[in-house]
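Asker: Would you mind keeping the following structure in view while I ask a few things?
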Amino acid sequence: YMNRETGIMIELISEKTREQIEELFDKSESCIQIVSPFLSVKTAEMLCKICEKSNIKCTLVTRIYIKDLIDGVNSLKAINLLLDAADEK
């Protein structure tokens with residue numbers, strides 16, 4: 001979905017995540033905002049690599065519930081990877 005007034009594009013990604021995210025980074029001119037209730041180490045590593053090779057500002061919004069950490073659908077290691085990558089920029 002593209003908001004014609006603001007020029008902001010919103011896209012739902014559920015499958016083939018890496019390919020779609022890489023494509024969105026290629027299309028973006030300045031920034032990407034990702035909203036996801038879950039964050040795995042694999043996804044965090046992927047985002048770090050993509051962000052490292054682009055000049056696109058990336059903002060990730062997620063939630064942290066203890067139950068999600070226990071269930072393994074969210075990861076403190078993943079969050080730390082992203083925070084460390086942000087500190088390096």
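For the structure tokens, the naming scheme is as follows: chains receive sequential letters (A, B, ...) according to their order of presentation, residues are indexed from 1 within each chain, and ligands are indexed from 1 in presentation order.
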Please list as a PDB file with all heavy atoms, in the first residue's frame every residue within 7 Å of A:Thr62, counting only C-alpha atoms and excluding residues in the same chain fewer than 3 positions away.
Answerer:
ATOM      1  N   VAL A  35       7.956  -3.517  11.741  1.00  0.00           N
ATOM      2  CA  VAL A  35       7.199  -3.815  12.951  1.00  0.00           C
ATOM      3  C   VAL A  35       6.964  -5.318  12.971  1.00  0.00           C
ATOM      4  O   VAL A  35       6.380  -5.870  12.043  1.00  0.00           O
ATOM      5  CB  VAL A  35       5.844  -3.063  12.973  1.00  0.00           C
ATOM      6  CG1 VAL A  35       5.065  -3.418  14.227  1.00  0.00           C
ATOM      7  CG2 VAL A  35       6.061  -1.562  12.868  1.00  0.00           C
ATOM      8  N   SER A  36       7.466  -5.973  14.011  1.00  0.00           N
ATOM      9  CA  SER A  36       7.327  -7.415  14.121  1.00  0.00           C
ATOM     10  C   SER A  36       7.217  -7.809  15.587  1.00  0.00           C
ATOM     11  O   SER A  36       8.028  -7.372  16.399  1.00  0.00           O
ATOM     12  CB  SER A  36       8.544  -8.114  13.503  1.00  0.00           C
ATOM     13  OG  SER A  36       8.458  -9.515  13.712  1.00  0.00           O
ATOM     14  N   PRO A  37       6.225  -8.620  15.931  1.00  0.00           N
ATOM     15  CA  PRO A  37       6.100  -9.034  17.330  1.00  0.00           C
ATOM     16  C   PRO A  37       7.180 -10.030  17.745  1.00  0.00           C
ATOM     17  O   PRO A  37       7.431 -10.218  18.926  1.00  0.00           O
ATOM     18  CB  PRO A  37       4.713  -9.671  17.402  1.00  0.00           C
ATOM     19  CG  PRO A  37       4.447 -10.136  16.008  1.00  0.00           C
ATOM     20  CD  PRO A  37       5.155  -9.157  15.107  1.00  0.00           C
ATOM     21  N   PHE A  38       7.834 -10.666  16.775  1.00  0.00           N
ATOM     22  CA  PHE A  38       8.819 -11.702  17.072  1.00  0.00           C
ATOM     23  C   PHE A  38      10.144 -11.381  16.391  1.00  0.00           C
ATOM     24  O   PHE A  38      10.171 -10.800  15.311  1.00  0.00           O
ATOM     25  CB  PHE A  38       8.316 -13.065  16.601  1.00  0.00           C
ATOM     26  CG  PHE A  38       6.929 -13.377  17.080  1.00  0.00           C
ATOM     27  CD1 PHE A  38       5.904 -13.543  16.181  1.00  0.00           C
ATOM     28  CD2 PHE A  38       6.649 -13.477  18.431  1.00  0.00           C
ATOM     29  CE1 PHE A  38       4.614 -13.816  16.609  1.00  0.00           C
ATOM     30  CE2 PHE A  38       5.372 -13.741  18.884  1.00  0.00           C
ATOM     31  CZ  PHE A  38       4.345 -13.917  17.969  1.00  0.00           C
TER      32      PHE A  38
END
Asker: Quick one: everything within 12 Å of A:Met46, counting only C-alpha atoms, minus sequence neighbours fewer than 2 positions away in the same chain. Send it as JSON, numbers by chain.
Answerer: {"A": [17, 18, 19, 20, 21, 22, 39, 40, 41, 42, 43, 44, 48, 49, 50, 51, 52, 53, 78, 81, 82, 85]}
Asker: Give the alpha helix (DSSP H) residues of chain A, as DSSP finds them on the backbone, and put them as a ChimeraX atom specification.
Answerer: /A:17-27,41-52,66-71,76-88
Asker: Can you spit out the residues from that selection as a short mmCIF file (atom, residue, chain, number, x, y, z; two decimals), in the first residue's frame, using N, CA and C atoms?
Answerer:
data_model
loop_
_atom_site.label_atom_id
_atom_site.label_comp_id
_atom_site.auth_asym_id
_atom_site.auth_seq_id
_atom_site.Cartn_x
_atom_site.Cartn_y
_atom_site.Cartn_z
N THR A 17 10.87 -14.02 3.57
CA THR A 17 11.22 -12.78 4.27
C THR A 17 12.51 -12.15 3.76
N ARG A 18 13.58 -12.90 3.66
CA ARG A 18 14.87 -12.31 3.28
C ARG A 18 14.80 -11.64 1.92
N GLU A 19 14.26 -12.33 0.95
CA GLU A 19 14.18 -11.77 -0.40
C GLU A 19 13.35 -10.50 -0.43
N GLN A 20 12.23 -10.50 0.26
CA GLN A 20 11.35 -9.33 0.28
C GLN A 20 12.00 -8.16 1.00
N ILE A 21 12.66 -8.44 2.10
CA ILE A 21 13.31 -7.36 2.84
C ILE A 21 14.46 -6.77 2.03
N GLU A 22 15.26 -7.62 1.38
CA GLU A 22 16.35 -7.11 0.54
C GLU A 22 15.79 -6.25 -0.59
N GLU A 23 14.69 -6.68 -1.19
CA GLU A 23 14.07 -5.92 -2.27
C GLU A 23 13.57 -4.56 -1.77
N LEU A 24 12.99 -4.54 -0.58
CA LEU A 24 12.51 -3.27 -0.01
C LEU A 24 13.67 -2.33 0.30
N PHE A 25 14.79 -2.87 0.77
CA PHE A 25 15.96 -2.03 1.01
C PHE A 25 16.46 -1.45 -0.30
N ASP A 26 16.44 -2.25 -1.37
CA ASP A 26 16.88 -1.76 -2.68
C ASP A 26 15.97 -0.65 -3.19
N LYS A 27 14.67 -0.75 -2.91
CA LYS A 27 13.71 0.25 -3.38
C LYS A 27 13.69 1.51 -2.53
N VAL A 41 17.27 -14.82 16.19
CA VAL A 41 18.69 -14.51 15.95
C VAL A 41 18.96 -14.52 14.44
N LYS A 42 18.38 -15.47 13.74
CA LYS A 42 18.58 -15.56 12.29
C LYS A 42 18.10 -14.28 11.58
N THR A 43 16.95 -13.79 11.97
CA THR A 43 16.41 -12.56 11.38
C THR A 43 17.27 -11.35 11.75
N ALA A 44 17.71 -11.29 13.00
CA ALA A 44 18.56 -10.18 13.44
C ALA A 44 19.87 -10.18 12.66
N GLU A 45 20.47 -11.34 12.47
CA GLU A 45 21.72 -11.43 11.70
C GLU A 45 21.49 -10.97 10.26
N MET A 46 20.37 -11.39 9.68
CA MET A 46 20.04 -10.98 8.32
C MET A 46 19.90 -9.47 8.23
N LEU A 47 19.17 -8.87 9.16
CA LEU A 47 18.98 -7.42 9.15
C LEU A 47 20.31 -6.69 9.33
N CYS A 48 21.16 -7.19 10.19
CA CYS A 48 22.47 -6.57 10.40
C CYS A 48 23.28 -6.57 9.11
N LYS A 49 23.27 -7.70 8.40
CA LYS A 49 24.03 -7.80 7.15
C LYS A 49 23.47 -6.86 6.09
N ILE A 50 22.15 -6.83 5.96
CA ILE A 50 21.53 -5.97 4.95
C ILE A 50 21.80 -4.50 5.28
N CYS A 51 21.64 -4.13 6.54
CA CYS A 51 21.86 -2.73 6.94
C CYS A 51 23.32 -2.33 6.77
N GLU A 52 24.23 -3.24 7.02
CA GLU A 52 25.65 -2.95 6.91
C GLU A 52 26.04 -2.58 5.48
N ILE A 66 8.13 -11.92 28.51
CA ILE A 66 8.90 -13.02 29.08
C ILE A 66 8.44 -14.35 28.50
N LYS A 67 7.15 -14.53 28.33
CA LYS A 67 6.62 -15.78 27.77
C LYS A 67 7.19 -16.03 26.37
N ASP A 68 7.30 -14.98 25.55
CA ASP A 68 7.87 -15.13 24.20
C ASP A 68 9.33 -15.56 24.27
N LEU A 69 10.07 -15.04 25.25
CA LEU A 69 11.48 -15.43 25.42
C LEU A 69 11.56 -16.90 25.83
N ILE A 70 10.71 -17.31 26.76
CA ILE A 70 10.69 -18.71 27.21
C ILE A 70 10.29 -19.63 26.07
N ASP A 71 9.30 -19.22 25.27
CA ASP A 71 8.83 -20.03 24.15
C ASP A 71 9.80 -20.03 22.97
N LEU A 76 16.71 -12.45 23.33
CA LEU A 76 17.52 -11.34 23.83
C LEU A 76 18.82 -11.24 23.05
N LYS A 77 19.35 -12.38 22.62
CA LYS A 77 20.58 -12.36 21.80
C LYS A 77 20.33 -11.59 20.51
N ALA A 78 19.18 -11.80 19.90
CA ALA A 78 18.84 -11.10 18.66
C ALA A 78 18.75 -9.60 18.89
N ILE A 79 18.12 -9.21 19.97
CA ILE A 79 18.00 -7.79 20.30
C ILE A 79 19.38 -7.19 20.54
N ASN A 80 20.23 -7.92 21.26
CA ASN A 80 21.60 -7.43 21.50
C ASN A 80 22.40 -7.31 20.22
N LEU A 81 22.22 -8.25 19.28
CA LEU A 81 22.90 -8.15 17.98
C LEU A 81 22.55 -6.84 17.28
N LEU A 82 21.26 -6.51 17.27
CA LEU A 82 20.81 -5.29 16.61
C LEU A 82 21.31 -4.04 17.34
N LEU A 83 21.29 -4.08 18.66
CA LEU A 83 21.78 -2.93 19.42
C LEU A 83 23.28 -2.73 19.21
N ASP A 84 24.04 -3.83 19.18
CA ASP A 84 25.48 -3.72 18.92
C ASP A 84 25.76 -3.17 17.52
N ALA A 85 24.97 -3.63 16.54
CA ALA A 85 25.14 -3.15 15.16
C ALA A 85 24.82 -1.66 15.08
N ALA A 86 23.81 -1.22 15.82
CA ALA A 86 23.44 0.21 15.82
C ALA A 86 24.54 1.05 16.45
N ASP A 87 25.18 0.51 17.49
CA ASP A 87 26.28 1.24 18.14
C ASP A 87 27.48 1.41 17.21
N GLU A 88 27.67 0.46 16.30
CA GLU A 88 28.81 0.50 15.38
C GLU A 88 28.63 1.53 14.28
#
Asker: If you run DSSP on the backbone, which residues of chain A are strand (DSSP E or B), as a list in words?
Answerer: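 The residues of chain A classed as strand (DSSP E or B) are Met2, Met9, Cys31, Ile32, Gln33, Ile34, Val35, Leu39, Lys57, Cys58, Thr59, Leu60, Val61 and Asn74 of chain A.
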Asker: Just to confirm, what's the straight-line distance from atom CA of A:Ile64 to atom CA of A:Ile32 in Å (one decimal)?
Answerer: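 Atom CA of A:Ile32 lies 20.8 Å from atom CA of A:Ile64.
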Asker: Provide the atom CA of A:Cys31 to atom CA of A:Ser75 distance in Å, to one decimal place.
Answerer: 24.3 Å
